[in-house]
Amino acid sequence: MPNYTIKVNGNSHSVDVSADTPLLWVLRDHLDLVGTKYGCGIALCGTCTVHVNGNPVRSCVMSVGQVKDSEITTIEGLSEDGSHPVQKAWKTVDVPQCGYCQSGQIMSAVALLEKNPNPSEAEIREAMNGNICRCASYQRIHEAVTLAARETQS
Amino acid sequence: MSPKKNDQHFSRRDFMKATSLAGGGLLIGFTLFESCKPGAEPAIDLASLNYNDFNAFIKIADNGAVTIFSPNPEIGQGVKTSMPMIIAEELDVNWEDVFVVQAPLDAKNYDRQVAGGSQSIRHGWEPLRKTGATARQMLVNAAAAQWGVDPSECTSSRGVITNSKGETLTYGDVVNQAAGMEIPEDVKLKSVRDFHIIGQEIPNVDIDEIITGKPLFGLDYKKEGMFYACVARPPAFGQTLDAVDDSEARAISGVQDVVRFGDKVAVIATDTWTAMKGKKALKLSWKSDAALESTEDHHKILTGLLDGKSFETLRKDGNVKKAFSSADFVLERTYESPFLPHNCMEPMNFYADVTSEKIHLVGPIQTPKGTAERVAQVLEREVGDIHLEMTRQGGGFGRRLYGDFVLEAAEISNLSGKPVQVVFSREDDMADGIYRPAIKYRIAASVKDGEVTGYHLKEAAINSNMYGLIPNFFPAGALENYQVDVAKFDSKITTGAWRAPYTNFLAFAEQSFFDELAEMMETDRIQLRLDLLDKVKGTTDDRIQYSPERMQKVIRTAVDKSGWGKAPDGVYQGFSAYYCHNSHVAEVADVVIEDGAPVVKRVVCVVDCGIVVNPLGARNQVEGGVIDGIGHAMYGDFAFSNGAPQSLNFDGYRMIRIKDVPKVETHFIKNTESPTGLGEPTLPPAGAALANAIKAATGKRLYNQPFITELKDLRIPEKEIIG
């Protein structure tokens with residue numbers, strides 16, 4: 001099997017996987033970074049969202065070969081202790097119900113705020129529309145993104 | 001944390017156990033479920049089904065730190081936070097001193113506390129309070145013994161015991177003595193007004209792990225040397241496996257084994273992706289002995305049942321036929337709903353390691369004990385060989401009551417001799433579901449001299465019918481002539497509980513019907529409901545468990561909070577009220593027309609669920625239930641063709657997303673009644689509130705779910721609506 005070196009959360013990792021292996025399964029099964037979740041496998045639910053060179057991508061449809069020279073950030077790389085402003089906002093608002101989709105929600109929110117620190121309501125909805133929450137914690141997701149934006153600004 | 005055997009004491013009630021811990025401290029084990037019903041966990045009883053399953057253990061260390069172990073799985077309903085809150089309240093400690101952890105189901109430490117059971121917070125309220133209060137009394141008794149005074153001279157507050165002289169001991173000071181004392185029998189519970197934890201806004205106890213992506217869920221479970229298995233199952237309900245060619249699958253690097261069991265074939269690999277690829281490389285042929293079912297067939301069959309005469313009558317008061325024949329008019333309407341998959345965000349999965357010595361099972365399951373028993377039966381092993389650990393669960397909605405995926409994992413591990421985690425792809429999860437059954441309701445009501453005189457509800461459903469007290473929900477008790485008839489068709493498609501079974505669609509049918517009936521009667525739609533509820537007051541029929549007074553209060557409060565009847569121009573309101581899971585709920589949806597289509601902007605939801613244990617978590621449940629109800633009523637569609645589902649992923653199956661979501665305003669009725677269900681009861685009324693608002697906005701009355709299909713051709717020019 002081919003060997004790939006990928007850079008995740010600032011650390012380089014070497015993995016032996018087939019070239020078509022999605023980044024998602026490399027992270028989960030080979031690097032034990034299970035914060036990134038599997039939901040649909042076709043980039044339609046957003047649970048597997050990570051950042052590749054700062055852009056939010058669905059890691060379930062991006063193969064390991066496509067990301068070999070990129071900087072990858074997962075939920076585990078956002079902060080050691082949940083101190084990222086978006087994580088703090090998620091905690092303050094007490095967003096999760098089952099919690100499974102929330103890593104992906106947080107990664108989408110972080111990517112939004114890095115590009116647009118003061119998004120409108122419509123921009124929040126647009127940026128977060130790719131992430132499904134089956135428990136329907138959407139109202140709190142919206143509230144937490146708004147709070148994180150406000151806290152980051154002040 | 002190994003208990004010293006000699007220190008065990010059993011109360012006469014036999015469900016509570018106190019043990020001193022070798023390292024110092026006290027462990028109190030309490031099997032809540034068995035306290036309610038000693039002996040056994042019953043099979044899943046849909047009538048009492050709710051989201052809350054639990055057991056409890058309390059550990060108090062000699063430094064006073066309190067740990068509450070909850071072996072009961074968290075599926076998103078907040079039980080892992082709210083249940084320990086109730087115990088901590090009566091234990092009388094500061095919430096800040098409490099740690100809540102998922103108990104490992106360790107046979108050595110906990111005498112195989114594999115129990116779960118379907119008990120709601122309603123049933124758990126008293127036992128949970130008694131657990132905490134009993135532990136508190138044990139500590140007070142231990143302090144009293146140390147001081148040589150009578151326990152009645154001592155008081156406790158926030159983890160500190162005080163005697164009449166003003167001397168104090170902390171709980172930590174007396175844990176070791178307490179472990180050796182008799183368990184008190186009749187303990188005093190706190191007065192509601194003295195609560196200092198219940199009613200506070202307590203964040204989810206797993207919040208830090210969730211937001212940092214820690215391993216919590218079944219799919220996150222790892223064990224050295226484990227493999228991953230993906231299973232090919234018959235693509236259509238009614239098919240069986242004919243022939244298997246696994247040569248290409250076996251040729252894939254990383255595929256370890258292929259095993260056949262029943263009509264299924266599992267590919268075992270070193271990682272999930274390889275197992276998924278291996279499954280796709282299988283060449284399988286399927287056969288069927290009989291015709292395979294399609295949605296069109298179901299439509300005809302269910303309509304035939306409604307038109308026919310083979311019903312089972314679940315409730316019959318007076319004579320609806322007579323009432324109908326002497327009526328001024330009879331309104332009859334038929335409502336239909338499709339099958340629905342659960343679509344938990346975490347697809348079904350389970351880990352199994354079956355060896356000749358033991359069976360180790362790990363994953364998300366709501367019915368651990370019953371599932372363990374089935375595994376033992378299938379593998380012809382003793383239940384005592386099984387050690388089952390529950391993880392946090394990425395949603396349940398009813399799907400994880402069924403242990404099909406656990407049995408698969410156990411069989412595959414048994415056949416292959418390997419520790420494996422079975423992983424459902426999203427396609428597997430949708431195609432191999434245990435769905436909300438497709439159902440049709442036909443409701444007829446007679447009106448004479450401006451009064452409703454009779455009500456006849458008929459249900460035609462796939463596989464199973466409404467159960468328990470549902471036939472006795474509103475308007476049962478309000479009408480002299482009332483009848484509920486049910487019929488079913490036995491399908492090969494598997495069906496089961498889906499969040500708020502039956503009522504998730506029945507509420508839409510009934511509350512849409514009353515809206516239309518009020519229009520036909522040219523009467524106020526709120527007043528019609530209030531008047532009917534007046535007639536239920538003082539009923540002696542013990543099958544009627546909804547309270548007309550509490551229902552009227554939620555209705556009046558919803559009218560008030562939503563500004564009912566005073567909506568600004570261009571905002572159209574729809575009303576709905578429903579009782580289920582022992583809670584009373586009223587909802588008002590506000591709809592506007594945007595780009596010619598109705599869009600829901602706000603839902604006001606008023607809930608009477610008794611004492612609200614944790615308002616922060618409770619509001620989350622309400623918001624989620626309402627949006628889930630709207631999402632599935634609006635978009636949920638799941639058809640079959642020749643036995644095979646026509647949608648297998650989120651490209652073909654639409655889930656509600658953040659852009660589609662209304663603002664939900666939640667109001668709880670304040671009272672001191674014991675708490676009742678909250679995970680489910682806000683979902684059922686949402687569909688009708690929306691449908692009734694859409695009727696107000698567009699003139700179109702909706703009878704079928706999903707609404708999106710019925711609204712497809714509806715485009716309202718803006719000028720005809722606004723102003």
# chains A, B, ... in the order shown; residues from 1 in each chain; ligands from 1
>>> interface_residues(of="chain A", to="chain B", cutoff="7 Å", atoms="only C-alpha atoms", output="compact mmCIF listing (two decimals) with N, CA and C atoms, in the first residue's frame")
# COMPACT_ATOMS: atom_id res chain seq x y z
N THR A 21 -8.51 6.19 -0.13
CA THR A 21 -9.06 6.29 1.23
C THR A 21 -9.40 7.74 1.56
N TRP A 25 -11.49 8.67 7.02
CA TRP A 25 -11.16 7.35 7.60
C TRP A 25 -9.69 7.27 7.99
N ASP A 29 -9.61 6.09 11.67
CA ASP A 29 -9.14 4.72 11.89
C ASP A 29 -7.62 4.61 12.03
N VAL A 34 -10.94 10.80 16.41
CA VAL A 34 -12.32 10.40 16.16
C VAL A 34 -13.32 11.54 16.36
N GLY A 35 -12.80 12.72 16.64
CA GLY A 35 -13.70 13.88 16.77
C GLY A 35 -14.40 14.19 15.46
N GLY A 39 -21.03 10.61 8.73
CA GLY A 39 -22.48 10.75 8.73
C GLY A 39 -23.14 10.25 7.46
N CYS A 40 -22.59 10.59 6.29
CA CYS A 40 -23.27 10.20 5.06
C CYS A 40 -22.32 9.69 3.98
N LEU A 44 -22.93 15.48 2.27
CA LEU A 44 -24.24 16.15 2.37
C LEU A 44 -24.70 16.41 3.80
N ILE A 75 -11.22 19.07 14.79
CA ILE A 75 -11.77 19.61 16.04
C ILE A 75 -10.73 19.50 17.17
N GLU A 76 -9.94 18.43 17.14
CA GLU A 76 -8.93 18.23 18.20
C GLU A 76 -7.85 19.30 18.14
N GLY A 82 -10.83 23.31 24.77
CA GLY A 82 -12.14 23.90 24.50
C GLY A 82 -12.16 25.41 24.64
N GLN A 87 -15.87 27.21 20.49
CA GLN A 87 -16.15 26.14 21.46
C GLN A 87 -16.76 26.72 22.74
N LYS A 91 -20.47 26.04 24.45
CA LYS A 91 -20.67 25.63 25.84
C LYS A 91 -21.63 26.59 26.55
N ASP A 94 -24.99 25.96 25.47
CA ASP A 94 -25.35 24.57 25.73
C ASP A 94 -26.07 23.99 24.50
N GLN A 97 -27.51 18.26 21.81
CA GLN A 97 -28.41 17.27 22.41
C GLN A 97 -27.66 15.94 22.39
N CYS A 98 -27.73 15.19 21.28
CA CYS A 98 -26.92 13.97 21.27
C CYS A 98 -25.44 14.31 21.10
N GLY A 99 -25.14 15.38 20.38
CA GLY A 99 -23.77 15.87 20.29
C GLY A 99 -22.97 15.36 19.11
N TYR A 100 -23.51 14.37 18.39
CA TYR A 100 -22.71 13.70 17.36
C TYR A 100 -22.28 14.64 16.23
N CYS A 101 -23.16 15.52 15.80
CA CYS A 101 -22.85 16.38 14.65
C CYS A 101 -22.06 17.61 15.02
N GLN A 102 -21.86 17.83 16.33
CA GLN A 102 -21.39 19.15 16.77
C GLN A 102 -19.94 19.46 16.38
N SER A 103 -19.07 18.45 16.27
CA SER A 103 -17.70 18.75 15.80
C SER A 103 -17.77 19.40 14.43
N ARG A 125 -26.85 31.37 8.29
CA ARG A 125 -27.69 30.27 7.79
C ARG A 125 -27.08 29.65 6.53
N MET A 128 -23.97 27.56 7.47
CA MET A 128 -24.24 26.38 8.30
C MET A 128 -25.24 25.43 7.66
N ASN A 129 -25.71 25.76 6.46
CA ASN A 129 -26.78 24.94 5.87
C ASN A 129 -26.31 23.55 5.43
N ILE A 132 -26.18 18.98 8.93
CA ILE A 132 -27.46 18.50 9.47
C ILE A 132 -27.32 18.22 10.95
N ARG A 134 -29.69 16.18 13.45
CA ARG A 134 -30.92 15.38 13.53
C ARG A 134 -31.73 15.70 14.78
N CYS A 135 -31.05 16.13 15.84
CA CYS A 135 -31.78 16.53 17.04
C CYS A 135 -32.38 17.92 16.86
N ALA A 136 -32.01 18.59 15.78
CA ALA A 136 -32.53 19.92 15.45
C ALA A 136 -32.18 20.97 16.50
N SER A 137 -30.90 21.01 16.85
CA SER A 137 -30.44 22.04 17.78
C SER A 137 -30.09 23.33 17.02
N TYR A 138 -30.71 23.51 15.86
CA TYR A 138 -30.36 24.62 14.96
C TYR A 138 -30.47 26.00 15.60
N GLN A 139 -31.50 26.17 16.42
CA GLN A 139 -31.70 27.49 17.03
C GLN A 139 -30.49 27.86 17.89
>>> select_by_dssp(residues="region 341-527 of chain B", states="strand (DSSP E or B)", output="NGL selection string")
:B and (349-354 or 359-363 or 386-390 or 392 or 420-423 or 435-436 or 439-448 or 451-462 or 481-489 or 495)
>>> select_by_dssp(residues="region 429-651 of chain B", states="alpha helix (DSSP H)", output="ChimeraX atom specification")
/B:429-431,503-521,525-534,548-562,615-635
>>> closest_residue(among="A:Ala149, A:Leu24, A:Ile141, A:Val95", to="Glu114 (chain A)", atoms="only C-alpha atoms")
A:Ala149
>>> residues_around(residues="region 572-578 of chain B", least_positions_apart="2", cutoff="7 Å", atoms="only C-alpha atoms", output="VMD selection string")
chain B and resid 507 511 555 567 570 580 584 to 592 685 688 to 690 692 to 693 696 to 697
>>> write_last_selection(atoms="N, CA and C atoms", output="mmCIF file, in the first residue's frame")
data_model
loop_
_atom_site.group_PDB
_atom_site.id
_atom_site.type_symbol
_atom_site.label_atom_id
_atom_site.label_comp_id
_atom_site.auth_asym_id
_atom_site.auth_seq_id
_atom_site.Cartn_x
_atom_site.Cartn_y
_atom_site.Cartn_z
ATOM 1 N N ALA B 507 -51.555 13.142 15.751
ATOM 2 C CA ALA B 507 -51.799 14.514 16.219
ATOM 3 C C ALA B 507 -52.024 15.453 15.044
ATOM 4 N N GLN B 511 -55.594 17.261 14.813
ATOM 5 C CA GLN B 511 -55.612 18.711 15.009
ATOM 6 C C GLN B 511 -55.851 19.476 13.707
ATOM 7 N N ILE B 555 -53.509 25.816 26.297
ATOM 8 C CA ILE B 555 -54.150 26.447 25.130
ATOM 9 C C ILE B 555 -54.262 27.955 25.346
ATOM 10 N N ALA B 567 -52.018 38.819 14.757
ATOM 11 C CA ALA B 567 -50.810 38.767 13.922
ATOM 12 C C ALA B 567 -50.797 39.944 12.942
ATOM 13 N N GLY B 570 -49.905 39.871 6.716
ATOM 14 C CA GLY B 570 -48.942 39.014 6.035
ATOM 15 C C GLY B 570 -48.437 37.876 6.872
ATOM 16 N N CYS B 580 -49.648 13.926 24.992
ATOM 17 C CA CYS B 580 -49.100 12.574 24.942
ATOM 18 C C CYS B 580 -47.905 12.509 25.879
ATOM 19 N N HIS B 584 -48.865 18.038 28.423
ATOM 20 C CA HIS B 584 -49.847 18.806 27.658
ATOM 21 C C HIS B 584 -49.127 19.910 26.909
ATOM 22 N N VAL B 585 -49.404 20.036 25.616
ATOM 23 C CA VAL B 585 -48.649 20.977 24.776
ATOM 24 C C VAL B 585 -49.602 21.721 23.846
ATOM 25 N N ALA B 586 -49.386 23.014 23.669
ATOM 26 C CA ALA B 586 -50.105 23.788 22.646
ATOM 27 C C ALA B 586 -49.082 24.570 21.834
ATOM 28 N N GLU B 587 -49.309 24.641 20.530
ATOM 29 C CA GLU B 587 -48.357 25.324 19.654
ATOM 30 C C GLU B 587 -49.091 26.228 18.667
ATOM 31 N N VAL B 588 -48.448 27.370 18.380
ATOM 32 C CA VAL B 588 -48.944 28.278 17.347
ATOM 33 C C VAL B 588 -47.810 28.523 16.360
ATOM 34 N N ALA B 589 -48.075 28.248 15.084
ATOM 35 C CA ALA B 589 -47.067 28.494 14.044
ATOM 36 C C ALA B 589 -47.435 29.759 13.282
ATOM 37 N N ASP B 590 -46.415 30.556 12.974
ATOM 38 C CA ASP B 590 -46.596 31.763 12.156
ATOM 39 C C ASP B 590 -45.992 31.513 10.781
ATOM 40 N N VAL B 591 -46.805 31.689 9.753
ATOM 41 C CA VAL B 591 -46.343 31.459 8.387
ATOM 42 C C VAL B 591 -46.459 32.742 7.580
ATOM 43 N N VAL B 592 -45.466 33.002 6.741
ATOM 44 C CA VAL B 592 -45.546 34.114 5.781
ATOM 45 C C VAL B 592 -45.354 33.522 4.378
ATOM 46 N N PRO B 685 -47.668 17.862 17.950
ATOM 47 C CA PRO B 685 -48.554 18.970 17.531
ATOM 48 C C PRO B 685 -47.959 19.871 16.456
ATOM 49 N N ALA B 688 -49.477 19.867 12.677
ATOM 50 C CA ALA B 688 -50.798 20.473 12.503
ATOM 51 C C ALA B 688 -50.742 21.990 12.664
ATOM 52 N N ALA B 689 -49.928 22.475 13.595
ATOM 53 C CA ALA B 689 -49.813 23.932 13.755
ATOM 54 C C ALA B 689 -49.348 24.533 12.435
ATOM 55 N N LEU B 690 -48.370 23.877 11.809
ATOM 56 C CA LEU B 690 -47.851 24.369 10.528
ATOM 57 C C LEU B 690 -48.906 24.239 9.421
ATOM 58 N N ASN B 692 -52.125 24.091 9.623
ATOM 59 C CA ASN B 692 -53.236 25.012 9.822
ATOM 60 C C ASN B 692 -52.827 26.444 9.475
ATOM 61 N N ALA B 693 -51.565 26.777 9.730
ATOM 62 C CA ALA B 693 -51.070 28.112 9.336
ATOM 63 C C ALA B 693 -50.962 28.208 7.814
ATOM 64 N N ALA B 696 -54.273 28.890 6.488
ATOM 65 C CA ALA B 696 -54.645 30.289 6.668
ATOM 66 C C ALA B 696 -53.951 31.179 5.633
ATOM 67 N N ALA B 697 -52.716 30.832 5.304
ATOM 68 C CA ALA B 697 -51.929 31.672 4.391
ATOM 69 C C ALA B 697 -52.284 31.450 2.933
#
>>> residues_around(residues="Lys358 (chain B)", least_positions_apart="4", cutoff="9 Å", atoms="only C-alpha atoms", output="PDB file with C-alpha atoms, in the first residue's frame")
ATOM      1  CA  ASP B 353     -15.577  -9.788  20.771  1.00  0.00           C
ATOM      2  CA  VAL B 354     -16.876 -13.324  21.147  1.00  0.00           C
ATOM      3  CA  GLY B 384     -23.526 -14.437  32.355  1.00  0.00           C
ATOM      4  CA  ASP B 385     -20.837 -14.698  29.653  1.00  0.00           C
ATOM      5  CA  ILE B 386     -21.851 -11.291  28.309  1.00  0.00           C
ATOM      6  CA  HIS B 387     -20.326  -8.020  29.370  1.00  0.00           C
TER       7      HIS B 387
END
>>> residues_around(residues="Glu522 (chain B)", least_positions_apart="4", cutoff="9 Å", atoms="only C-alpha atoms", output="PyMOL selection string")
chain B and resi 450+517-518
>>> closest_residue(among="B:Arg158, B:Lys458, B:Asp97, B:Thr134", to="Thr313 (chain B)", atoms="only C-alpha atoms")
B:Lys458
>>> atom_distance(atom1="CA of Phe57 (chain B)", atom2="CA of Arg399 (chain B)")
26.8 Å
>>> residues_around(residues="Val320 (chain B)", least_positions_apart="4", cutoff="9 Å", atoms="only C-alpha atoms", output="ChimeraX atom specification")
/B:316,324-325,445-446,453-456,480-483
>>> residues_around(residues="Gly10 (chain A)", least_positions_apart="6", cutoff="9 Å", atoms="only C-alpha atoms", output="ChimeraX atom specification")
/A:71-73,77
>>> closest_residue(among="B:Leu379, B:Gly318, B:Lys418, B:Lys279", to="Lys223 (chain B)", atoms="only C-alpha atoms")
B:Lys418
>>> atom_distance(atom1="CA of Arg140 (chain A)", atom2="CA of Pro96 (chain A)")
8.3 Å
>>> closest_residue(among="A:Ile6, A:Ile106, A:Val15, A:Val93", to="Cys133 (chain A)", atoms="only C-alpha atoms")
A:Ile106
>>> decode(residues="region 92-116 of chain A", atoms="N, CA and C atoms", output="mmCIF file, in the first residue's frame")
data_model
loop_
_atom_site.group_PDB
_atom_site.id
_atom_site.type_symbol
_atom_site.label_atom_id
_atom_site.label_comp_id
_atom_site.auth_asym_id
_atom_site.auth_seq_id
_atom_site.Cartn_x
_atom_site.Cartn_y
_atom_site.Cartn_z
ATOM 1 N N THR A 92 -21.432 27.881 26.336
ATOM 2 C CA THR A 92 -22.296 28.865 27.006
ATOM 3 C C THR A 92 -23.754 28.668 26.609
ATOM 4 N N VAL A 93 -23.970 28.459 25.318
ATOM 5 C CA VAL A 93 -25.350 28.309 24.826
ATOM 6 C C VAL A 93 -25.885 26.904 25.137
ATOM 7 N N ASP A 94 -24.987 25.960 25.467
ATOM 8 C CA ASP A 94 -25.355 24.566 25.729
ATOM 9 C C ASP A 94 -26.074 23.988 24.504
ATOM 10 N N VAL A 95 -25.355 24.021 23.389
ATOM 11 C CA VAL A 95 -25.955 23.653 22.099
ATOM 12 C C VAL A 95 -26.356 22.175 21.994
ATOM 13 N N PRO A 96 -25.479 21.230 22.348
ATOM 14 C CA PRO A 96 -25.724 19.845 21.914
ATOM 15 C C PRO A 96 -26.910 19.156 22.570
ATOM 16 N N GLN A 97 -27.508 18.256 21.808
ATOM 17 C CA GLN A 97 -28.412 17.271 22.413
ATOM 18 C C GLN A 97 -27.663 15.936 22.394
ATOM 19 N N CYS A 98 -27.730 15.192 21.279
ATOM 20 C CA CYS A 98 -26.920 13.966 21.267
ATOM 21 C C CYS A 98 -25.439 14.309 21.098
ATOM 22 N N GLY A 99 -25.141 15.377 20.376
ATOM 23 C CA GLY A 99 -23.773 15.867 20.285
ATOM 24 C C GLY A 99 -22.968 15.356 19.111
ATOM 25 N N TYR A 100 -23.506 14.366 18.387
ATOM 26 C CA TYR A 100 -22.709 13.700 17.357
ATOM 27 C C TYR A 100 -22.281 14.636 16.232
ATOM 28 N N CYS A 101 -23.160 15.519 15.801
ATOM 29 C CA CYS A 101 -22.852 16.385 14.646
ATOM 30 C C CYS A 101 -22.058 17.615 15.023
ATOM 31 N N GLN A 102 -21.858 17.830 16.327
ATOM 32 C CA GLN A 102 -21.390 19.152 16.769
ATOM 33 C C GLN A 102 -19.943 19.465 16.384
ATOM 34 N N SER A 103 -19.070 18.449 16.267
ATOM 35 C CA SER A 103 -17.704 18.745 15.800
ATOM 36 C C SER A 103 -17.768 19.403 14.432
ATOM 37 N N GLY A 104 -18.562 18.827 13.556
ATOM 38 C CA GLY A 104 -18.698 19.358 12.203
ATOM 39 C C GLY A 104 -19.334 20.732 12.205
ATOM 40 N N GLN A 105 -20.322 20.919 13.067
ATOM 41 C CA GLN A 105 -20.974 22.236 13.165
ATOM 42 C C GLN A 105 -19.954 23.285 13.606
ATOM 43 N N ILE A 106 -19.164 22.921 14.619
ATOM 44 C CA ILE A 106 -18.171 23.865 15.150
ATOM 45 C C ILE A 106 -17.126 24.194 14.074
ATOM 46 N N MET A 107 -16.673 23.181 13.344
ATOM 47 C CA MET A 107 -15.659 23.429 12.312
ATOM 48 C C MET A 107 -16.212 24.332 11.206
ATOM 49 N N SER A 108 -17.486 24.145 10.842
ATOM 50 C CA SER A 108 -18.086 25.032 9.842
ATOM 51 C C SER A 108 -18.197 26.452 10.375
ATOM 52 N N ALA A 109 -18.566 26.579 11.645
ATOM 53 C CA ALA A 109 -18.724 27.903 12.247
ATOM 54 C C ALA A 109 -17.380 28.628 12.342
ATOM 55 N N VAL A 110 -16.339 27.877 12.734
ATOM 56 C CA VAL A 110 -15.008 28.492 12.847
ATOM 57 C C VAL A 110 -14.558 29.011 11.480
ATOM 58 N N ALA A 111 -14.763 28.194 10.456
ATOM 59 C CA ALA A 111 -14.347 28.599 9.105
ATOM 60 C C ALA A 111 -15.104 29.846 8.662
ATOM 61 N N LEU A 112 -16.391 29.891 8.975
ATOM 62 C CA LEU A 112 -17.187 31.077 8.628
ATOM 63 C C LEU A 112 -16.616 32.323 9.284
ATOM 64 N N LEU A 113 -16.374 32.245 10.603
ATOM 65 C CA LEU A 113 -15.966 33.440 11.348
ATOM 66 C C LEU A 113 -14.542 33.867 11.005
ATOM 67 N N GLU A 114 -13.719 32.924 10.570
ATOM 68 C CA GLU A 114 -12.363 33.314 10.166
ATOM 69 C C GLU A 114 -12.405 34.161 8.897
ATOM 70 N N LYS A 115 -13.362 33.877 8.048
ATOM 71 C CA LYS A 115 -13.478 34.634 6.790
ATOM 72 C C LYS A 115 -14.386 35.838 6.931
ATOM 73 N N ASN A 116 -15.345 35.730 7.800
ATOM 74 C CA ASN A 116 -16.348 36.774 7.953
ATOM 75 C C ASN A 116 -16.655 36.942 9.442
#
